[in-house]
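To start, the structure itself, in structure tokens.
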Amino acid sequence: MSEDQGFATFEDVGIAERDKPPFLRLPEPRSLFGLRAMRFSALASGHQLEPYLRLLAALSQAQDRLAGEVDTPSLPSLDEQRRRAANAMPVVPREELAEDEAAAACFTRLMALMDEVAMPELAREALGRARAADEEARRVMFAAVLSDAVPAETVADHIFAAAALQVVAAKRTAGLDALLPQPVADGVCPCCGGPPVTSAVIATVDIDGVRYVQCSLCAAQWNHVRVKCVSCGSTKGIHYQAIEGIADTIKAETCDECRTYVKILNQRKDPELEPVADDVASLGLDILVSEAGWRRAGVNPFLLGY
């Protein structure tokens, strides 16, 4: 594992102070999951995690279908959204989804779609347990995912619950006014309050070289200063870890203050990088950084067992 001192060694992106990137980028559910499915498929061939990546590609394809089928969840009143934003609160708190009818309907439909997918026997058994959950058990599963408190022994079952919640949360957040949510706290999504999955230096027609952190649940992206810990906000002791001999498009930003890390993807060098898929595929980096003494600050519902 190699270590870089400072962000300039990752890449000096040179953003002028006059540039004002938007604070928030809302998710686009109609394309989000389809693109993720394609990325999982592209990453799978020859990968040590190939069977799992192919399963996640199929799951993402099912999410893509769901995003086009399920109704958009209702939003709080605009006055309530404004009150929450003014008080530095998430505008559409993720906890509300545990009782949301749209989440329950999405989960039921996902079970049916995944029945059509070929998968390893252990995954098939987990799907069967998830499908057999009654209404109360399903609410408990949703609550566990939404509070980042999934029991280790039922991680596989909860992956399907998390997938359903991702679709509903993304559709809910996509309905917001992008100018309304305000910063809440370090490492907290301003839309739903979820934790980050990864961060990325992005490159688009309108925004180039700006860092955004992506929510692990609703996929909203919020602007975050470079060389600053996503978890605690410290600007001291920030380093960048990478696997020697591997392309430096994915690194782990480690913080000596809180001893956590969040991955950072360089989409300027590789525009195909996808926050969730490439996070799973770079599990080897998590293992090395964790063994060196840092703990993961981000959450990926497809890496809950790690």
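Quick note on naming: the chains in the structure tokens go A, B, ... in the order shown, residues restart at 1 in each chain, and ligands are numbered from 1 in order of appearance.
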(request) Taking the chain letters and numbering used in this document, name the residues of region 77-285 of chain A that DSSP puts in alpha helix (DSSP H), as a count of residues only. (result) 77
(request) Please provide as a list in words all residues within 8 Å of Thr254 (chain A), with the sequence filter that same-chain residues fewer than 4 positions apart are discarded (counting only C-alpha atoms). (result)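 With the cut-off at 8 Å, the set is Cys229, Gly237, Ile238, His239, Tyr240, Gln241, Arg259, Thr260, Tyr261, Val262 and Trp294 of chain A.
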(request) Excluding Ala203 (chain A) and residues on its chain fewer than 4 positions from it, collect all residues at most 10 Å away from it, counting only C-alpha atoms, and give them as a list in words. (result) Ile207, Asp208, Gly209, Val210, Arg211, Asn266, Gln267, Arg268, Lys269, Asp270 and Pro271 of chain A
Quick one: which region 135-212 of chain A residues come within 7 Å of region 20-27 of chain A, and what is the nearest atom pair for each with the distance in Å to one decimal, counting only C-alpha atoms, rows ordered by chain and ascending number, as a Markdown table?
| residue | atom | partner | partner_atom | distance |
| --- | --- | --- | --- | --- |
| A:Ala170 | CA | A:Pro27 | CA | 6.2 |
| A:Thr173 | CA | A:Leu26 | CA | 6.8 |
| A:Ala174 | CA | A:Pro27 | CA | 5.5 |
| A:Ala178 | CA | A:Leu24 | CA | 6.2 |
| A:Ile207 | CA | A:Pro21 | CA | 6.7 |
Interface rows for region 109-190 of chain A against region 66-76 of chain A: nearest pair, Å to one decimal, 8 Å, only C-alpha atoms, as a Markdown table:
| residue | atom | partner | partner_atom | distance |
| --- | --- | --- | --- | --- |
| A:Arg109 | CA | A:Leu66 | CA | 7.5 |
| A:Leu110 | CA | A:Leu66 | CA | 7.2 |
| A:Val167 | CA | A:Ala67 | CA | 6.1 |
| A:Val168 | CA | A:Pro73 | CA | 6.8 |
| A:Lys171 | CA | A:Thr72 | CA | 5.8 |
| A:Arg172 | CA | A:Pro73 | CA | 5.6 |
| A:Gly175 | CA | A:Leu75 | CA | 7.9 |
(request) Please return as a ChimeraX atom specification: the residues of region 163-213 of chain A that backbone DSSP assigns to strand (DSSP E). (result) /A:196-203,208-213
Store the residues picked out above, limited to N, CA and C atoms, as an mmCIF file, in the first residue's frame.
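Below you can see result_9.cif, which holds the result:
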data_model
loop_
_atom_site.group_PDB
_atom_site.id
_atom_site.type_symbol
_atom_site.label_atom_id
_atom_site.label_comp_id
_atom_site.auth_asym_id
_atom_site.auth_seq_id
_atom_site.Cartn_x
_atom_site.Cartn_y
_atom_site.Cartn_z
ATOM 1 N N PRO A 196 -22.257 8.649 3.875
ATOM 2 C CA PRO A 196 -21.713 8.566 2.515
ATOM 3 C C PRO A 196 -21.374 7.139 2.132
ATOM 4 N N VAL A 197 -21.260 6.909 0.841
ATOM 5 C CA VAL A 197 -20.710 5.645 0.364
ATOM 6 C C VAL A 197 -19.272 5.876 -0.074
ATOM 7 N N THR A 198 -19.061 6.847 -0.949
ATOM 8 C CA THR A 198 -17.718 7.260 -1.376
ATOM 9 C C THR A 198 -17.784 8.738 -1.722
ATOM 10 N N SER A 199 -16.639 9.288 -2.116
ATOM 11 C CA SER A 199 -16.608 10.636 -2.681
ATOM 12 C C SER A 199 -15.921 10.544 -4.034
ATOM 13 N N ALA A 200 -16.049 11.596 -4.817
ATOM 14 C CA ALA A 200 -15.458 11.561 -6.156
ATOM 15 C C ALA A 200 -15.075 12.956 -6.617
ATOM 16 N N VAL A 201 -13.977 13.035 -7.344
ATOM 17 C CA VAL A 201 -13.620 14.241 -8.084
ATOM 18 C C VAL A 201 -14.243 14.071 -9.451
ATOM 19 N N ILE A 202 -15.228 14.889 -9.752
ATOM 20 C CA ILE A 202 -16.041 14.654 -10.936
ATOM 21 C C ILE A 202 -15.606 15.501 -12.119
ATOM 22 N N ALA A 203 -16.056 15.097 -13.280
ATOM 23 C CA ALA A 203 -15.781 15.823 -14.514
ATOM 24 C C ALA A 203 -17.018 15.770 -15.390
ATOM 25 N N ASP A 208 -16.063 20.656 -13.361
ATOM 26 C CA ASP A 208 -14.878 19.844 -13.596
ATOM 27 C C ASP A 208 -13.937 19.962 -12.406
ATOM 28 N N GLY A 209 -13.518 18.819 -11.873
ATOM 29 C CA GLY A 209 -12.533 18.827 -10.813
ATOM 30 C C GLY A 209 -13.058 19.160 -9.439
ATOM 31 N N VAL A 210 -14.360 19.103 -9.250
ATOM 32 C CA VAL A 210 -14.957 19.409 -7.950
ATOM 33 C C VAL A 210 -15.255 18.107 -7.228
ATOM 34 N N ARG A 211 -15.077 18.113 -5.920
ATOM 35 C CA ARG A 211 -15.312 16.913 -5.131
ATOM 36 C C ARG A 211 -16.739 16.880 -4.593
ATOM 37 N N TYR A 212 -17.387 15.735 -4.777
ATOM 38 C CA TYR A 212 -18.718 15.510 -4.227
ATOM 39 C C TYR A 212 -18.718 14.195 -3.440
ATOM 40 N N VAL A 213 -19.471 14.189 -2.374
ATOM 41 C CA VAL A 213 -19.689 12.985 -1.579
ATOM 42 C C VAL A 213 -21.065 12.443 -1.944
#
